[in-house]
Structure formats: C-alpha cells, structure tokens
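Worksheet: one structure, shown below.
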Amino acid sequence: MSADAVTPDEYKMSLFEHLAELRTRLLRVVIAVVVLGAGSLAFAREIYGFLMRPVLMSLPSQSAQLIYTSAIEELNVLMKIGLYAGVFLSTPVLLWQIWGFIAPGLYDTEKKMAGPFIVFGTLAFVAGAAFCYFVLLPQMFGFLLQREDVTVITQRLDTAKLREQDALRYLSLGDLDHAGALARTAIADLEAAGAGRITDDANGLSLLPKRSVDVMNRLEGLGRLVDATRNGFGDAARPVLSQVMAKRLEAIAAYGLGDFDKAQSLADEGAALLAGVSTIRANDFGELWRLERTVSVGVANVESMNWTKPMLSMSEQLSLVLVLELAFGLIFELPLVMMVLGMVGLVKSSFLFKYQRHALVVCLVAAAILTPTGDAVNLALMAGPMLLCYELGVVLVWIVEKRRKAPVDPNAPAA
C-alpha cells in the first residue's frame, strides 16, 4: 500500500465524536436554511403565485382565486414560503454536510467524488421538483377540480357567446346579413355532434333551478336584442320595440311569480314580434333569438352540473403543493442516497436485486399514499419515477462494489 493511501479504519471515531460532528453539521444546515429563508421572504408573494399557478389554472375562470379564513393566514403562508424556500435553496449545503460526515469512512478515490455528489444531487432535487410542478400538479389538479363534460360545454358556450356579441354588434349597425350569418354559425357549433352538444330544447330542464336559470337568461337575451335593434334601426323600429317591451315586462312579472312556462311563452312571443322591424329579414331575427335560447339552455345545464363550487384556502393548497414538491425532490435523490449507502457498506447490490419485486410493491404503496387522487394516471406519474430511481440506485451500488473489487496493481509500492 502506498504511503499516502488511507483506509477508512484510520478514521475510527468514538460515538460521542460522531454525535458532536453530526451536531456541528446540522447546525450549519440550520443556519443556511435560516439565512436563505430570510432572504426569500422579500420574494415570498411572487414565489407563492408561481407555486399556485397549477391550482389556479385548473379552477373555473370565474372563481380562479384562493381564500384565507383568518386575519393572519396570509402572513403565515408567506412565512411558510420563506421557510420552505430556505430548505430548497440550502440543498447544496445539506449535501455538502452529508458528504463531509460520511467522508472519513470512504477510500481516498471515493472522497474525490464530493464535487459530483453535490452537483448531481442538487440537479436531481431540482429535476424532481420540476417534474412535480410541470407534469404531476397540472394533471392532479385538473383531475380534482375539473369535470370533463362541464369543460367541453363551457368551451362551446364561451365561443358561442363571443359570436353572439359580434352578431348583436352587427345588428346594432343595421347589418342583418352578418348578424344572421354569425348566429347560424354559433348555433351550428353548439348543436354539432359530439361531447358537449347543446340544442334549443328546454324539455330536459325539469329541475326548478335549471328552468329558472334558462328563463332568466332568455329574458336577458331578449333585452339585448331590443337594445341592438333600437340602435340599428332607430325610430323606425320604435312601434315594434314598444310591443316587444310590453311582452318582456309581462314575462318578467310571470317569472317573479314562479310561472316559468308563461314567462318563456311571453318571451318567445316578444321575440317573434321583432320580425316586424324588417319583414324581409325575419329569418335573421329568428336565428338571433334561436341563438339566445340555445345559449340559455347551455348556461342552465352548466349551472346544474356545477352545483358544487371550489373554495380553496391559501394555506391548505400551499401545504399540498410543497409536500409533493419536496417528496419528488427526495424521490429523485434516491439513486445518490443508495449509492452513498453502498459506499459505507449499509446496502449490497445483491440484496437490492433480490428484493426488486418487493421494491415495486413498496413504490406503488408509497405512491398511493402520497398521491391525493385516485386515478391511475397520477399514480403512475408518481410510482414510475420512484421505481426508475430505485433501479438507477441499484445500478450505482453495483458499480461502487465493482470498483472496490477491482484488482490492485502489483507494481504499486508497498506501504
């Protein structure tokens, strides 16, 4: 053995010396977390907005916000952001101290791996957190907060409403050609076959809340048609519009009494009177009213499906996101942790190879516990990387053992 070669046995320490060194290194990590966390408080609100983006993107546009239920909850959230930011940013320091603690038990050739261990360990942690943020969280919150059938209907309705607004603008300009064409296009899209199909049929709206929403939207649509017609045709339309308004007021009175059938019938009669403004373009007025009716039915259907409304608190969603981010960061660290355990002799590649099937079961169980959803996609997104990291760790332990068993050069000078 060469004169400068040092074996791990020469670094034997007593239990109290190990504990003292462990305390010193833990203290350094704590100091790093506190300093970096305090510095992160200046950007806590921006960091929170970034972390909550997958949550907000999965919420309905009209309720894409988080609430707090106490005066100090927002402050607590920002303080928690600073603490976890300090933990994430101090990852290189933690890895450095871990390596320094185990280094006395390694061979000289292995001690040279300190730099790669810290660099790759940090990159692995960041990669795990990024995988969770960009891949898992959107899928998970989309599954939890969105209903596919409602989403499809809402997309059709949003497009139809935009066309309806432009059709009414053309009507206010007196251009019934474009107004009628846009109305027909919007109706065709709403009634097209496939998921989210909406037809001008209120027969399925048997429940009282659904019928109420449908009639209310019809009355509002009739009011918009009256306004646009008045702007587009001026005094020439005044006699007809006076009759339409009389029907609308009667419909509103019936609606107030809960007589939705009568209110709907009066609204239809009022809309039919609009054709008197331009008898040669009566079909265009009919198409505009048909669009208003179809949109009203669609809105009523969406309202009936969305009888629950998410009201998510800042603190709970932050805790969920941070736990998953930290969990995935640690999962991606698994290969390096297994390699270090192999270096100090705590695990053997033969043992890891032997119990691979058991590891698969453990990964699936752990993924099922950590994943808050019950679908197979999110379970696979967590269990898959976990299992791959385990397999990579097994390979790294096997490489470490092979390197240690490499034959010694017979020409090397004796100690």
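FYI, nothing fancy with the structure tokens labels: chains A, B, ... in order, residues from 1 per chain, ligands from 1 as they appear.
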Env of Gly258 in chain A: 12 Å cut, atoms = only C-alpha atoms, seq-sep filter 2 positions within chain, self excluded. Answer as a ChimeraX atom specification.
/A:208-209,211-213,215-216,251-256,260-264
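Residues surrounding Arg169 in chain A within 8 Å are Gln165, Asp166, Ser172, Leu173, Ala179 and Ala228 of chain A [only C-alpha atoms; sequence separation below 3 positions excluded].
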Could the residues in this selection be written to a file with C-alpha atoms, as a PDB file, in the first residue's frame?
ATOM      1  CA  GLN A 165     -71.786  39.564 -29.014  1.00  0.00           C
ATOM      2  CA  ASP A 166     -70.487  40.247 -32.514  1.00  0.00           C
ATOM      3  CA  SER A 172     -76.858  47.480 -33.822  1.00  0.00           C
ATOM      4  CA  LEU A 173     -75.262  48.655 -37.081  1.00  0.00           C
ATOM      5  CA  ALA A 179     -75.719  39.213 -37.743  1.00  0.00           C
ATOM      6  CA  ALA A 228     -79.265  46.224 -30.545  1.00  0.00           C
TER       7      ALA A 228
END
Assign secondary structure with DSSP using the backbone only, and return the residues of range 102-325 of chain A in helix (DSSP H, G or I) as a VMD selection string.
chain A and resid 102 to 105 108 to 111 114 to 145 148 to 172 176 to 191 208 to 256 260 to 277 279 to 305 314 to 325
For range 252-347 of chain A against range 119-124 of chain A, with a cut-off of 8 Å and counting only C-alpha atoms, what is the closest atom pair and its distance in Å to one decimal for every residue that makes the cut, ordered by chain and number, as a tab-separated table?
residue	atom	partner	partner_atom	distance
A:Gly329	CA	A:Ala124	CA	7.1
A:Phe332	CA	A:Ala124	CA	5.4
A:Glu333	CA	A:Ala124	CA	5.8
A:Leu336	CA	A:Gly121	CA	6.8
Considering only C-alpha atoms, return as a ChimeraX atom specification whatever protein or nucleic-acid residues lie within 8 Å of Gly270 in chain A, sequence-local ones (same chain, fewer than 4 positions apart) excluded.
/A:222,243-245,247-248,266,274
Find the residues around Val295 in chain A up to 10 Å (only C-alpha atoms counted), leave out those fewer than 3 positions away in its own chain, and share them as a PyMOL selection string.
chain A and resi 156-158+160-161+164+186-187+190+198-200+214+217-218+221+289-292+298-301
Selection: 10 Å around range 280-288 of chain A, only C-alpha atoms, excl. self and same-chain fewer than 6 positions, as JSON, numbers by chain
{"A": [164, 167, 168, 171, 176, 177, 178, 179, 180, 181, 182, 183, 184, 185, 186, 187, 221, 222, 225, 229, 271, 272, 273, 274]}
Would you write out those residues with C-alpha atoms, as a PDB file, in the first residue's frame?
ATOM      1  CA  GLU A 164     -73.401  36.308 -30.139  1.00  0.00           C
ATOM      2  CA  ALA A 167     -73.849  39.325 -34.036  1.00  0.00           C
ATOM      3  CA  LEU A 168     -75.548  41.876 -31.773  1.00  0.00           C
ATOM      4  CA  LEU A 171     -77.464  44.155 -35.569  1.00  0.00           C
ATOM      5  CA  LEU A 176     -78.610  41.786 -40.602  1.00  0.00           C
ATOM      6  CA  ASP A 177     -76.586  39.832 -43.182  1.00  0.00           C
ATOM      7  CA  HIS A 178     -73.578  39.452 -40.888  1.00  0.00           C
ATOM      8  CA  ALA A 179     -75.719  39.213 -37.743  1.00  0.00           C
ATOM      9  CA  GLY A 180     -77.745  36.299 -39.107  1.00  0.00           C
ATOM     10  CA  ALA A 181     -74.664  34.529 -40.515  1.00  0.00           C
ATOM     11  CA  LEU A 182     -72.855  34.704 -37.166  1.00  0.00           C
ATOM     12  CA  ALA A 183     -75.950  33.437 -35.347  1.00  0.00           C
ATOM     13  CA  ARG A 184     -76.238  30.439 -37.695  1.00  0.00           C
ATOM     14  CA  THR A 185     -72.529  29.651 -37.269  1.00  0.00           C
ATOM     15  CA  ALA A 186     -72.784  29.780 -33.473  1.00  0.00           C
ATOM     16  CA  ILE A 187     -75.879  27.555 -33.455  1.00  0.00           C
ATOM     17  CA  GLY A 221     -81.116  37.834 -24.204  1.00  0.00           C
ATOM     18  CA  LEU A 222     -84.385  39.423 -25.333  1.00  0.00           C
ATOM     19  CA  LEU A 225     -81.857  42.053 -28.853  1.00  0.00           C
ATOM     20  CA  THR A 229     -82.371  46.605 -32.744  1.00  0.00           C
ATOM     21  CA  ALA A 271     -89.011  37.852 -29.925  1.00  0.00           C
ATOM     22  CA  ALA A 272     -91.382  36.900 -32.737  1.00  0.00           C
ATOM     23  CA  LEU A 273     -92.607  40.497 -32.863  1.00  0.00           C
ATOM     24  CA  LEU A 274     -89.079  41.667 -33.710  1.00  0.00           C
TER      25      LEU A 274
END
Hey, what's within 8 Å of Met338 in chain A if we count only C-alpha atoms and toss same-chain stuff fewer than 5 positions away? As a PyMOL selection string, please?
chain A and resi 347+393-394+396-397
